[in-house]
Structure formats: structure tokens, C-alpha cells
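Colleague: Provided herewith: upload-v9.cif, mmCIF, C-alpha atoms.
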```
data_upload
#
loop_
_atom_site.group_PDB
_atom_site.id
_atom_site.type_symbol
_atom_site.label_atom_id
_atom_site.label_comp_id
_atom_site.auth_asym_id
_atom_site.auth_seq_id
_atom_site.Cartn_x
_atom_site.Cartn_y
_atom_site.Cartn_z
ATOM 1 C CA MET A 1 3.844 -10.282 -44.644
ATOM 2 C CA ARG A 2 5.115 -13.270 -46.595
ATOM 3 C CA TYR A 3 3.546 -14.096 -49.910
ATOM 4 C CA SER A 4 4.155 -16.513 -52.726
ATOM 5 C CA MET A 5 3.955 -15.028 -56.207
ATOM 6 C CA ARG A 6 4.784 -17.006 -59.317
ATOM 7 C CA TYR A 7 4.288 -16.757 -63.034
ATOM 8 C CA ILE A 8 1.981 -19.521 -64.219
ATOM 9 C CA ARG A 9 2.560 -18.192 -67.737
ATOM 10 C CA PRO A 10 4.012 -14.865 -68.943
ATOM 11 C CA ASP A 11 0.638 -13.112 -68.760
ATOM 12 C CA LEU A 12 -0.662 -14.779 -65.579
ATOM 13 C CA VAL A 13 0.557 -14.532 -62.002
ATOM 14 C CA GLY A 14 -0.657 -16.663 -59.117
ATOM 15 C CA ILE A 15 -0.531 -15.277 -55.571
ATOM 16 C CA ARG A 16 -0.731 -18.049 -53.025
ATOM 17 C CA GLY A 17 -1.998 -17.262 -49.568
ATOM 18 C CA TRP A 18 -2.151 -19.710 -46.703
ATOM 19 C CA PHE A 19 -5.532 -21.077 -47.827
ATOM 20 C CA VAL A 20 -6.471 -19.869 -51.289
ATOM 21 C CA SER A 21 -4.798 -18.507 -54.413
ATOM 22 C CA THR A 22 -5.724 -15.336 -56.238
ATOM 23 C CA HIS A 23 -4.614 -14.540 -59.765
ATOM 24 C CA LEU A 24 -3.496 -11.436 -61.632
ATOM 25 C CA LEU A 25 -4.129 -11.363 -65.369
ATOM 26 C CA LEU A 26 -1.517 -9.184 -67.057
ATOM 27 C CA GLY A 27 -2.245 -6.933 -70.000
ATOM 28 C CA ASP A 28 -0.112 -4.216 -71.559
ATOM 29 C CA ASP A 29 -2.049 -1.420 -69.890
ATOM 30 C CA GLU A 30 -4.256 -3.181 -67.350
ATOM 31 C CA LEU A 31 -4.413 -5.796 -64.635
ATOM 32 C CA VAL A 32 -7.387 -7.981 -63.762
ATOM 33 C CA LEU A 33 -7.711 -9.834 -60.462
ATOM 34 C CA VAL A 34 -9.614 -13.104 -60.077
ATOM 35 C CA ASP A 35 -10.903 -13.466 -56.481
ATOM 36 C CA THR A 36 -9.590 -11.582 -53.460
ATOM 37 C CA GLY A 37 -8.466 -14.156 -50.919
ATOM 38 C CA LEU A 38 -8.711 -14.284 -47.152
ATOM 39 C CA PHE A 39 -6.400 -13.504 -44.226
ATOM 40 C CA GLY A 40 -3.381 -11.444 -45.280
ATOM 41 C CA ASP A 41 -4.171 -11.587 -48.984
ATOM 42 C CA PHE A 42 -4.927 -7.871 -49.263
ATOM 43 C CA LYS A 43 -1.262 -7.149 -48.510
ATOM 44 C CA ARG A 44 -0.077 -10.031 -50.669
ATOM 45 C CA ILE A 45 -1.968 -8.670 -53.664
ATOM 46 C CA GLN A 46 -0.686 -5.137 -53.031
ATOM 47 C CA ARG A 47 2.885 -6.406 -52.925
ATOM 48 C CA ALA A 48 2.448 -8.459 -56.065
ATOM 49 C CA VAL A 49 1.158 -5.426 -57.976
ATOM 50 C CA ALA A 50 4.166 -3.418 -56.795
ATOM 51 C CA ALA A 51 6.585 -6.255 -57.650
ATOM 52 C CA LEU A 52 5.218 -6.214 -61.199
ATOM 53 C CA GLY A 53 6.082 -2.514 -61.433
ATOM 54 C CA ARG A 54 2.414 -1.608 -61.658
ATOM 55 C CA HIS A 55 0.243 0.889 -59.786
ATOM 56 C CA PRO A 56 -3.102 0.428 -58.014
ATOM 57 C CA SER A 57 -4.877 2.294 -60.806
ATOM 58 C CA ASP A 58 -3.634 -0.330 -63.286
ATOM 59 C CA LEU A 59 -6.066 -2.790 -61.715
ATOM 60 C CA LYS A 60 -9.164 -2.303 -63.851
ATOM 61 C CA ALA A 61 -11.390 -5.192 -62.787
ATOM 62 C CA ILE A 62 -11.877 -7.617 -59.910
ATOM 63 C CA LEU A 63 -13.718 -10.809 -60.851
ATOM 64 C CA LEU A 64 -15.300 -13.029 -58.202
ATOM 65 C CA THR A 65 -15.951 -16.674 -59.017
ATOM 66 C CA HIS A 66 -18.416 -16.905 -56.107
ATOM 67 C CA GLY A 67 -19.439 -15.401 -52.813
ATOM 68 C CA HIS A 68 -17.667 -17.524 -50.184
ATOM 69 C CA LEU A 69 -15.635 -15.518 -47.706
ATOM 70 C CA ASP A 70 -12.235 -16.834 -48.835
ATOM 71 C CA HIS A 71 -12.940 -15.258 -52.236
ATOM 72 C CA THR A 72 -14.648 -12.023 -51.144
ATOM 73 C CA ALA A 73 -12.903 -11.059 -47.891
ATOM 74 C CA ASN A 74 -10.769 -8.317 -49.435
ATOM 75 C CA ALA A 75 -13.090 -7.231 -52.239
ATOM 76 C CA ALA A 76 -14.251 -3.988 -50.627
ATOM 77 C CA ARG A 77 -10.739 -2.861 -49.652
ATOM 78 C CA LEU A 78 -9.203 -3.763 -53.013
ATOM 79 C CA ARG A 79 -11.976 -1.983 -54.902
ATOM 80 C CA GLU A 80 -11.389 1.152 -52.836
ATOM 81 C CA TRP A 81 -7.588 0.881 -53.069
ATOM 82 C CA SER A 82 -7.525 0.535 -56.844
ATOM 83 C CA GLY A 83 -10.753 2.031 -58.153
ATOM 84 C CA ALA A 84 -11.332 -1.206 -60.081
ATOM 85 C CA LYS A 85 -14.847 -2.306 -60.995
ATOM 86 C CA LEU A 86 -16.075 -5.366 -59.137
ATOM 87 C CA TYR A 87 -17.793 -8.165 -61.073
ATOM 88 C CA ALA A 88 -19.648 -10.855 -59.110
ATOM 89 C CA PRO A 89 -21.991 -13.707 -60.051
ATOM 90 C CA ALA A 90 -25.721 -13.127 -59.985
ATOM 91 C CA GLY A 91 -27.227 -15.693 -57.673
ATOM 92 C CA ASP A 92 -24.576 -15.117 -54.999
ATOM 93 C CA GLU A 93 -25.864 -11.734 -53.837
ATOM 94 C CA LEU A 94 -26.640 -13.007 -50.324
ATOM 95 C CA HIS A 95 -23.258 -14.710 -50.061
ATOM 96 C CA VAL A 96 -21.432 -11.511 -51.016
ATOM 97 C CA GLN A 97 -23.511 -9.582 -48.494
ATOM 98 C CA GLY A 98 -22.750 -12.155 -45.793
ATOM 99 C CA ARG A 99 -26.450 -12.947 -45.325
ATOM 100 C CA TYR A 100 -26.859 -16.343 -46.970
ATOM 101 C CA ARG A 101 -28.745 -18.863 -44.807
ATOM 102 C CA TYR A 102 -27.070 -22.261 -45.093
ATOM 103 C CA SER A 103 -29.021 -25.477 -44.552
ATOM 104 C CA GLY A 104 -28.244 -29.132 -43.898
ATOM 105 C CA VAL A 105 -24.601 -30.096 -43.437
ATOM 106 C CA ALA A 106 -23.588 -26.792 -45.086
ATOM 107 C CA ARG A 107 -24.510 -25.054 -41.832
ATOM 108 C CA VAL A 108 -20.912 -25.867 -40.909
ATOM 109 C CA CYS A 109 -19.789 -23.554 -43.723
ATOM 110 C CA GLY A 110 -22.154 -20.869 -42.466
ATOM 111 C CA TRP A 111 -20.715 -21.111 -38.957
ATOM 112 C CA LEU A 112 -17.128 -20.945 -40.260
ATOM 113 C CA GLU A 113 -17.952 -17.934 -42.415
ATOM 114 C CA GLY A 114 -19.649 -16.177 -39.510
ATOM 115 C CA VAL A 115 -16.511 -16.578 -37.406
ATOM 116 C CA GLY A 116 -14.323 -15.566 -40.334
ATOM 117 C CA ARG A 117 -16.290 -12.398 -41.058
ATOM 118 C CA GLY A 118 -15.740 -11.311 -37.488
ATOM 119 C CA LEU A 119 -12.011 -12.053 -37.616
ATOM 120 C CA VAL A 120 -11.412 -10.147 -40.866
ATOM 121 C CA GLY A 121 -13.855 -7.320 -40.118
ATOM 122 C CA TYR A 122 -15.761 -8.164 -43.270
ATOM 123 C CA ARG A 123 -17.459 -5.374 -45.188
ATOM 124 C CA ALA A 124 -19.772 -6.341 -48.009
ATOM 125 C CA PRO A 125 -18.388 -4.758 -51.187
ATOM 126 C CA GLU A 126 -20.356 -2.680 -53.648
ATOM 127 C CA VAL A 127 -20.705 -4.774 -56.797
ATOM 128 C CA ASP A 128 -20.551 -2.827 -60.041
ATOM 129 C CA VAL A 129 -21.661 -5.609 -62.390
ATOM 130 C CA TRP A 130 -23.543 -8.839 -61.658
ATOM 131 C CA VAL A 131 -22.564 -11.459 -64.249
ATOM 132 C CA ARG A 132 -24.235 -14.610 -65.558
ATOM 133 C CA GLY A 133 -23.158 -17.564 -67.643
ATOM 134 C CA GLY A 134 -22.712 -16.535 -71.273
ATOM 135 C CA ASP A 135 -21.714 -12.941 -70.521
ATOM 136 C CA GLU A 136 -18.653 -11.675 -72.353
ATOM 137 C CA LEU A 137 -16.130 -9.504 -70.512
ATOM 138 C CA PRO A 138 -13.642 -7.310 -72.385
ATOM 139 C CA PHE A 139 -10.541 -8.293 -70.421
ATOM 140 C CA TRP A 140 -7.429 -10.330 -71.202
ATOM 141 C CA GLY A 141 -8.397 -10.662 -74.842
ATOM 142 C CA GLY A 142 -11.972 -11.574 -73.921
ATOM 143 C CA LEU A 143 -13.386 -13.681 -71.094
ATOM 144 C CA ARG A 144 -16.643 -15.615 -71.214
ATOM 145 C CA VAL A 145 -18.505 -16.215 -67.983
ATOM 146 C CA ILE A 146 -19.330 -19.919 -67.576
ATOM 147 C CA ALA A 147 -22.008 -21.065 -65.133
ATOM 148 C CA LEU A 148 -20.715 -23.674 -62.650
ATOM 149 C CA PRO A 149 -23.432 -23.820 -59.971
ATOM 150 C CA GLY A 150 -23.559 -26.128 -56.993
ATOM 151 C CA HIS A 151 -20.759 -24.959 -54.748
ATOM 152 C CA THR A 152 -22.863 -21.806 -54.473
ATOM 153 C CA PRO A 153 -25.989 -20.976 -56.498
ATOM 154 C CA GLY A 154 -24.180 -18.486 -58.715
ATOM 155 C CA HIS A 155 -20.679 -20.008 -58.883
ATOM 156 C CA VAL A 156 -19.006 -19.168 -62.201
ATOM 157 C CA GLY A 157 -15.755 -19.572 -64.066
ATOM 158 C CA PHE A 158 -14.053 -17.365 -66.626
ATOM 159 C CA LEU A 159 -13.009 -18.842 -69.969
ATOM 160 C CA SER A 160 -10.454 -17.398 -72.373
ATOM 161 C CA LYS A 161 -10.956 -18.956 -75.788
ATOM 162 C CA THR A 162 -7.928 -17.208 -77.253
ATOM 163 C CA LYS A 163 -5.614 -18.394 -74.470
ATOM 164 C CA ARG A 164 -7.384 -21.762 -74.097
ATOM 165 C CA LEU A 165 -7.528 -21.417 -70.342
ATOM 166 C CA ALA A 166 -10.311 -21.271 -67.760
ATOM 167 C CA PHE A 167 -10.436 -20.035 -64.187
ATOM 168 C CA VAL A 168 -12.807 -22.389 -62.369
ATOM 169 C CA GLY A 169 -12.933 -21.174 -58.769
ATOM 170 C CA ASP A 170 -13.910 -24.040 -56.468
ATOM 171 C CA ALA A 171 -15.177 -26.440 -59.132
ATOM 172 C CA PHE A 172 -12.329 -28.649 -57.898
ATOM 173 C CA ALA A 173 -9.170 -28.451 -55.822
ATOM 174 C CA MET A 174 -5.751 -29.756 -56.776
ATOM 175 C CA SER A 175 -3.320 -31.255 -54.272
ATOM 176 C CA TRP A 176 -1.826 -34.712 -54.753
ATOM 177 C CA ARG A 177 -5.163 -35.535 -56.367
ATOM 178 C CA VAL A 178 -8.144 -33.814 -57.966
ATOM 179 C CA ALA A 179 -10.878 -33.332 -55.370
ATOM 180 C CA LEU A 180 -14.398 -31.944 -55.527
ATOM 181 C CA PRO A 181 -15.425 -29.585 -52.708
ATOM 182 C CA PRO A 182 -16.827 -31.430 -49.660
ATOM 183 C CA PRO A 183 -20.619 -31.335 -49.099
ATOM 184 C CA ILE A 184 -20.281 -29.060 -46.047
ATOM 185 C CA PHE A 185 -19.241 -26.249 -48.409
ATOM 186 C CA ASN A 186 -21.827 -26.825 -51.145
ATOM 187 C CA THR A 187 -25.327 -25.599 -51.875
ATOM 188 C CA ASP A 188 -26.123 -28.554 -54.157
ATOM 189 C CA THR A 189 -23.664 -31.454 -54.352
ATOM 190 C CA LEU A 190 -25.333 -32.972 -57.428
ATOM 191 C CA GLN A 191 -24.823 -29.677 -59.270
ATOM 192 C CA VAL A 192 -21.210 -29.654 -58.086
ATOM 193 C CA ARG A 193 -20.671 -32.989 -59.804
ATOM 194 C CA GLN A 194 -22.274 -31.799 -63.058
ATOM 195 C CA SER A 195 -20.306 -28.552 -63.036
ATOM 196 C CA PHE A 196 -17.099 -30.541 -62.564
ATOM 197 C CA LEU A 197 -17.995 -32.701 -65.559
ATOM 198 C CA ASP A 198 -18.656 -29.521 -67.547
ATOM 199 C CA VAL A 199 -15.209 -28.226 -66.597
ATOM 200 C CA ALA A 200 -13.608 -31.526 -67.611
ATOM 201 C CA GLY A 201 -15.261 -31.248 -71.030
ATOM 202 C CA ALA A 202 -14.128 -27.689 -71.691
ATOM 203 C CA ASP A 203 -12.044 -27.137 -74.824
ATOM 204 C CA VAL A 204 -8.993 -25.744 -73.022
ATOM 205 C CA ASP A 205 -5.342 -26.560 -72.462
ATOM 206 C CA PHE A 206 -5.126 -25.283 -68.891
ATOM 207 C CA LEU A 207 -7.440 -25.058 -65.882
ATOM 208 C CA VAL A 208 -6.851 -22.768 -62.915
ATOM 209 C CA PRO A 209 -8.703 -23.588 -59.684
ATOM 210 C CA ALA A 210 -8.528 -21.389 -56.594
ATOM 211 C CA HIS A 211 -7.167 -24.088 -54.276
ATOM 212 C CA TYR A 212 -3.995 -25.937 -55.195
ATOM 213 C CA PHE A 213 -0.547 -26.777 -53.877
ATOM 214 C CA ARG A 214 0.998 -27.270 -57.306
ATOM 215 C CA LEU A 215 -0.309 -26.501 -60.751
ATOM 216 C CA ASP A 216 1.190 -27.546 -64.076
ATOM 217 C CA GLU A 217 0.277 -28.668 -67.577
ATOM 218 C CA THR A 218 -0.969 -32.056 -66.306
ATOM 219 C CA VAL A 219 -4.024 -30.466 -64.680
ATOM 220 C CA VAL A 220 -6.383 -30.943 -67.634
ATOM 221 C CA ASP A 221 -5.558 -34.633 -68.078
ATOM 222 C CA ARG A 222 -5.914 -35.245 -64.345
ATOM 223 C CA VAL A 223 -9.308 -33.532 -64.273
ATOM 224 C CA ARG A 224 -10.509 -35.507 -67.292
ATOM 225 C CA ASN A 225 -9.336 -38.774 -65.769
ATOM 226 C CA LYS A 226 -11.243 -37.944 -62.586
ATOM 227 C CA ALA A 227 -14.344 -37.160 -64.648
ATOM 228 C CA LEU A 228 -14.100 -40.539 -66.409
ATOM 229 C CA ARG A 229 -14.017 -42.314 -63.051
ATOM 230 C CA LEU A 230 -17.029 -40.347 -61.834
ATOM 231 C CA SER A 231 -18.969 -41.161 -64.993
ATOM 232 C CA ARG A 232 -18.571 -44.939 -64.731
#
```
Take the structure in the file and write it out as C-alpha cells.

Modeller:
Amino acid sequence: MRYSMRYIRPDLVGIRGWFVSTHLLLGDDELVLVDTGLFGDFKRIQRAVAALGRHPSDLKAILLTHGHLDHTANAARLREWSGAKLYAPAGDELHVQGRYRYSGVARVCGWLEGVGRGLVGYRAPEVDVWVRGGDELPFWGGLRVIALPGHTPGHVGFLSKTKRLAFVGDAFAMSWRVALPPPIFNTDTLQVRQSFLDVAGADVDFLVPAHYFRLDETVVDRVRNKALRLSR
């Protein structure tokens, strides 16, 4: 199984699958995983942990930004493999369980997820802690949960004030341009726009979305420039 693992910074590793990236936060005596990926990402994450010279038991927490299948597909298996506690956003319970009823154009997302759950043999994970915006998590020097609703009702990010970095899930995607998630994947597109503006206004030096081809120090300026255009 091929995988792409790279250091984004000395204490942060990105693992790129064919559709979505997951991230390992490195501490002296613990690892934290943000999101769990989709097809093949269970093996990719296992191999990344081994390549770092770590053991499954070093993974202490799995943090989900939201309940879409490409972020939850491997949550149950990774929780069992490592013994890590699983943290997921309150408001996305039905998404995590695979029982959310999509409406409007987002029915397309519901159909895709239904097919995907069958292909991956999805099992709804047991969530240890349901988190909300404002919660403080004791990982990676401290992470604050930030509410970024719209893509899903409970969509969140994780902000490190000390490292001046935020994981923002699907608040935007980064390819040759900054792009907001299409309406077919959103619960509330107006909230998506506001959450993106909130991300652009965050006091950070680096933003880490879940979907990107290339990520570097220009990401914050590019997001803020996009927000200025949206605000005009």
C-alpha cells in the first residue's frame, strides 16, 4: 500500500491518501491523530506510525473534525488498534453513526456516503468524548475546539495557540486555489461561508485543511485574500 508521509513541521506529519489527508501530531510521549481518512488510509496511518519509530499504544487520541465518511471511515479500527480515545463533534452524532438524513442537493452526498459505507464495510465507532466549540483538550501543548458549522452541523477545528496553527477540516480546500466545499456536501452553505470567514480571521500563522495538493506558509495569506473577495 503506497502512502505519502511528510513533515509539515518537526512536530506535525501529514499522511496523504488518494482523497484526503490525515495528520499526526507528535509529542515526546504521545501521538494524536486528526481525522481517519478513507480507502487505504488505515494502512497508511499504521505505516506512518511505524516509520516514526512509534507503537500503536503511543496514539493517545483520535480527533474528528466532522462526521463525513472520508474522515470517519477508519475511526473504529484505529481506536481498536491503538486503544486511543476518540473525540468527535457534538452535533454530528448521526453522521458518525451513518444515519444522517440529507436534504436538498446534499442528497448527492448522502448517496455517495451510502455507497462508500458499503465499500469500506463501515462500522460506526464508539465515541469516548463529544466535543463542542470552546472545549480545551490537553494534547500537543493544548488544543481549543473551534466551532465551524455549515459543512456539517457539528463541524469543528482544533486551534493551538502556542503553535499558532489550526486544523480546519473541510472549512476550505487548497489546490491551485482556495475553495469552499461545494453545496452538495454541505448542511448549510451560508454557515460554511461564515465559518470560512472565521477561519480567515483566526490569529494563526498556519492553517491545515484536510484536502490539499500542496501546503506551505502561503496558506494563511491565500485564505485571507479569498475572504476579502467574498466580503466585497

Colleague: Within 10 Å of segment 69-86 of chain A, counting all atoms listed in the file, which residues qualify if same-chain residues fewer than 2 places away don't, as a PDB file with C-alpha atoms, in the frame of the given file?

Modeller:
```
ATOM      1  CA  PHE A  19      -5.532 -21.077 -47.827  1.00  0.00           C
ATOM      2  CA  VAL A  20      -6.471 -19.869 -51.289  1.00  0.00           C
ATOM      3  CA  SER A  21      -4.798 -18.507 -54.413  1.00  0.00           C
ATOM      4  CA  THR A  22      -5.724 -15.336 -56.238  1.00  0.00           C
ATOM      5  CA  LEU A  31      -4.413  -5.796 -64.635  1.00  0.00           C
ATOM      6  CA  VAL A  32      -7.387  -7.981 -63.762  1.00  0.00           C
ATOM      7  CA  LEU A  33      -7.711  -9.834 -60.462  1.00  0.00           C
ATOM      8  CA  VAL A  34      -9.614 -13.104 -60.077  1.00  0.00           C
ATOM      9  CA  ASP A  35     -10.903 -13.466 -56.481  1.00  0.00           C
ATOM     10  CA  THR A  36      -9.590 -11.582 -53.460  1.00  0.00           C
ATOM     11  CA  GLY A  37      -8.466 -14.156 -50.919  1.00  0.00           C
ATOM     12  CA  LEU A  38      -8.711 -14.284 -47.152  1.00  0.00           C
ATOM     13  CA  PHE A  39      -6.400 -13.504 -44.226  1.00  0.00           C
ATOM     14  CA  GLY A  40      -3.381 -11.444 -45.280  1.00  0.00           C
ATOM     15  CA  ASP A  41      -4.171 -11.587 -48.984  1.00  0.00           C
ATOM     16  CA  PHE A  42      -4.927  -7.871 -49.263  1.00  0.00           C
ATOM     17  CA  LYS A  43      -1.262  -7.149 -48.510  1.00  0.00           C
ATOM     18  CA  ILE A  45      -1.968  -8.670 -53.664  1.00  0.00           C
ATOM     19  CA  GLN A  46      -0.686  -5.137 -53.031  1.00  0.00           C
ATOM     20  CA  HIS A  55       0.243   0.889 -59.786  1.00  0.00           C
ATOM     21  CA  PRO A  56      -3.102   0.428 -58.014  1.00  0.00           C
ATOM     22  CA  SER A  57      -4.877   2.294 -60.806  1.00  0.00           C
ATOM     23  CA  ASP A  58      -3.634  -0.330 -63.286  1.00  0.00           C
ATOM     24  CA  LEU A  59      -6.066  -2.790 -61.715  1.00  0.00           C
ATOM     25  CA  LYS A  60      -9.164  -2.303 -63.851  1.00  0.00           C
ATOM     26  CA  ALA A  61     -11.390  -5.192 -62.787  1.00  0.00           C
ATOM     27  CA  ILE A  62     -11.877  -7.617 -59.910  1.00  0.00           C
ATOM     28  CA  LEU A  63     -13.718 -10.809 -60.851  1.00  0.00           C
ATOM     29  CA  LEU A  64     -15.300 -13.029 -58.202  1.00  0.00           C
ATOM     30  CA  THR A  65     -15.951 -16.674 -59.017  1.00  0.00           C
ATOM     31  CA  HIS A  66     -18.416 -16.905 -56.107  1.00  0.00           C
ATOM     32  CA  GLY A  67     -19.439 -15.401 -52.813  1.00  0.00           C
ATOM     33  CA  ALA A  88     -19.648 -10.855 -59.110  1.00  0.00           C
ATOM     34  CA  HIS A  95     -23.258 -14.710 -50.061  1.00  0.00           C
ATOM     35  CA  VAL A  96     -21.432 -11.511 -51.016  1.00  0.00           C
ATOM     36  CA  GLN A  97     -23.511  -9.582 -48.494  1.00  0.00           C
ATOM     37  CA  GLY A  98     -22.750 -12.155 -45.793  1.00  0.00           C
ATOM     38  CA  CYS A 109     -19.789 -23.554 -43.723  1.00  0.00           C
ATOM     39  CA  GLY A 110     -22.154 -20.869 -42.466  1.00  0.00           C
ATOM     40  CA  LEU A 112     -17.128 -20.945 -40.260  1.00  0.00           C
ATOM     41  CA  GLU A 113     -17.952 -17.934 -42.415  1.00  0.00           C
ATOM     42  CA  GLY A 114     -19.649 -16.177 -39.510  1.00  0.00           C
ATOM     43  CA  GLY A 116     -14.323 -15.566 -40.334  1.00  0.00           C
ATOM     44  CA  ARG A 117     -16.290 -12.398 -41.058  1.00  0.00           C
ATOM     45  CA  VAL A 120     -11.412 -10.147 -40.866  1.00  0.00           C
ATOM     46  CA  GLY A 121     -13.855  -7.320 -40.118  1.00  0.00           C
ATOM     47  CA  TYR A 122     -15.761  -8.164 -43.270  1.00  0.00           C
ATOM     48  CA  ARG A 123     -17.459  -5.374 -45.188  1.00  0.00           C
ATOM     49  CA  ALA A 124     -19.772  -6.341 -48.009  1.00  0.00           C
ATOM     50  CA  PRO A 125     -18.388  -4.758 -51.187  1.00  0.00           C
ATOM     51  CA  GLU A 126     -20.356  -2.680 -53.648  1.00  0.00           C
ATOM     52  CA  VAL A 127     -20.705  -4.774 -56.797  1.00  0.00           C
ATOM     53  CA  ASP A 128     -20.551  -2.827 -60.041  1.00  0.00           C
ATOM     54  CA  VAL A 129     -21.661  -5.609 -62.390  1.00  0.00           C
ATOM     55  CA  TRP A 130     -23.543  -8.839 -61.658  1.00  0.00           C
ATOM     56  CA  GLY A 169     -12.933 -21.174 -58.769  1.00  0.00           C
ATOM     57  CA  ASP A 170     -13.910 -24.040 -56.468  1.00  0.00           C
ATOM     58  CA  ALA A 210      -8.528 -21.389 -56.594  1.00  0.00           C
TER      59      ALA A 210
END
```

Colleague: What separation in Å, quoted to one decimal, exists between atom CA of His211 of chain A and atom CA of Met174 of chain A?

Modeller: 6.4 Å

Colleague: How many Å separate atom CA of Ser231 of chain A from atom CA of Val204 of chain A?

Modeller: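 Computing the Euclidean distance for atom CA of Ser231 of chain A and atom CA of Val204 of chain A yields 20.0 Å.
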
Colleague: Measuring between all atoms listed in the file, which one of A:Val156, A:Ile8, A:Val108, A:Ala202 shows the shortest distance to Arg214 of chain A?

Modeller: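 Among the listed residues, the smallest separation from Arg214 of chain A belongs to A:Ile8.
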
Colleague: Using the chain letters and numbers from the file, give me the residues hit by the PyMOL selection byres ((chain A and resi 11) around 9), as a VMD selection string.

Modeller: chain A and resid 7 to 10 12 to 13 24 to 27 140

Colleague: Please indicate the distance in Å from atom CA of Pro89 of chain A to atom CA of His155 of chain A, rounded to one decimal place.

Modeller: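 Pair atom CA of Pro89 of chain A / atom CA of His155 of chain A returns 6.5 Å.
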
Colleague: From the set A:Leu148, A:Ala173, A:Leu159, A:Val105, which residue has the shortest atom-to-atom contact distance to Leu197 of chain A, counting all atoms listed in the file?

Modeller: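 Of A:Leu148, A:Ala173, A:Leu159, A:Val105, the one nearest Leu197 of chain A, counting all atoms listed in the file, is A:Leu148.
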
Colleague: What's around segment 181-184 of chain A at 9 Å? Count all atoms listed in the file, leave out sequence neighbours fewer than 2 positions away in its own chain, and write the answer as a ChimeraX atom specification.

Modeller: /A:104-109,151,170-173,179,186-189,192

Colleague: If the PyMOL selection byres ((chain A and resi 141) around 10) is run on the structure shown, which residues does it catch, given as a list in words?

Modeller: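 Matching residues under the PyMOL selection byres ((chain A and resi 141) around 10) are Gly27, Leu137, Pro138, Phe139, Trp140, Gly142, Leu143, Ser160, Lys161, Thr162 and Lys163 of chain A.
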
Colleague: Using the chain letters and numbers from the file, give me the residues hit by the PyMOL selection byres ((chain A and resi 4) around 9), as a PyMOL selection string.

Modeller: chain A and resi 2-3+5-6+14-17+44+48

Colleague: Starting from the incomplete input, reconstruct all heavy atoms of segment 60-66 of chain A and write that as a JSON list (two decimals), keeping the file's coordinate frame.

Modeller:
```json
[["chain", "number", "residue", "atom", "x", "y", "z"],
["A", 60, "LYS", "N", -7.93, -2.81, -63.24],
["A", 60, "LYS", "CA", -9.16, -2.30, -63.85],
["A", 60, "LYS", "C", -10.40, -3.10, -63.46],
["A", 60, "LYS", "O", -11.51, -2.56, -63.53],
["A", 60, "LYS", "CB", -9.03, -2.30, -65.38],
["A", 60, "LYS", "CG", -7.86, -1.49, -65.89],
["A", 60, "LYS", "CD", -7.94, -0.02, -65.44],
["A", 60, "LYS", "CE", -6.78, 0.78, -66.03],
["A", 60, "LYS", "NZ", -6.77, 2.18, -65.52],
["A", 61, "ALA", "N", -10.23, -4.36, -63.10],
["A", 61, "ALA", "CA", -11.39, -5.19, -62.79],
["A", 61, "ALA", "C", -11.03, -6.24, -61.75],
["A", 61, "ALA", "O", -9.90, -6.76, -61.75],
["A", 61, "ALA", "CB", -11.93, -5.86, -64.04],
["A", 62, "ILE", "N", -11.98, -6.53, -60.88],
["A", 62, "ILE", "CA", -11.88, -7.62, -59.91],
["A", 62, "ILE", "C", -13.03, -8.57, -60.21],
["A", 62, "ILE", "O", -14.20, -8.16, -60.18],
["A", 62, "ILE", "CB", -11.97, -7.10, -58.47],
["A", 62, "ILE", "CG1", -10.84, -6.10, -58.18],
["A", 62, "ILE", "CG2", -11.94, -8.26, -57.47],
["A", 62, "ILE", "CD1", -11.05, -5.31, -56.90],
["A", 63, "LEU", "N", -12.71, -9.81, -60.49],
["A", 63, "LEU", "CA", -13.72, -10.81, -60.85],
["A", 63, "LEU", "C", -13.85, -11.83, -59.73],
["A", 63, "LEU", "O", -12.85, -12.44, -59.33],
["A", 63, "LEU", "CB", -13.33, -11.54, -62.14],
["A", 63, "LEU", "CG", -12.84, -10.70, -63.33],
["A", 63, "LEU", "CD1", -12.52, -11.60, -64.52],
["A", 63, "LEU", "CD2", -13.86, -9.65, -63.72],
["A", 64, "LEU", "N", -15.05, -12.02, -59.23],
["A", 64, "LEU", "CA", -15.30, -13.03, -58.20],
["A", 64, "LEU", "C", -15.91, -14.27, -58.84],
["A", 64, "LEU", "O", -16.88, -14.17, -59.59],
["A", 64, "LEU", "CB", -16.26, -12.49, -57.13],
["A", 64, "LEU", "CG", -15.81, -11.26, -56.35],
["A", 64, "LEU", "CD1", -16.87, -10.88, -55.32],
["A", 64, "LEU", "CD2", -14.46, -11.49, -55.67],
["A", 65, "THR", "N", -15.36, -15.43, -58.52],
["A", 65, "THR", "CA", -15.95, -16.67, -59.02],
["A", 65, "THR", "C", -17.20, -17.04, -58.21],
["A", 65, "THR", "O", -18.11, -17.66, -58.74],
["A", 65, "THR", "CB", -14.96, -17.84, -58.95],
["A", 65, "THR", "OG1", -14.51, -18.03, -57.60],
["A", 65, "THR", "CG2", -13.77, -17.60, -59.87],
["A", 66, "HIS", "N", -17.24, -16.65, -56.94],
["A", 66, "HIS", "CA", -18.42, -16.90, -56.11],
["A", 66, "HIS", "C", -18.30, -16.11, -54.81],
["A", 66, "HIS", "O", -17.33, -15.38, -54.61],
["A", 66, "HIS", "CB", -18.61, -18.40, -55.85],
["A", 66, "HIS", "CG", -17.51, -19.08, -55.10],
["A", 66, "HIS", "ND1", -16.26, -19.28, -55.63],
["A", 66, "HIS", "CD2", -17.47, -19.63, -53.85],
["A", 66, "HIS", "CE1", -15.49, -19.92, -54.76],
["A", 66, "HIS", "NE2", -16.21, -20.13, -53.66]]
```
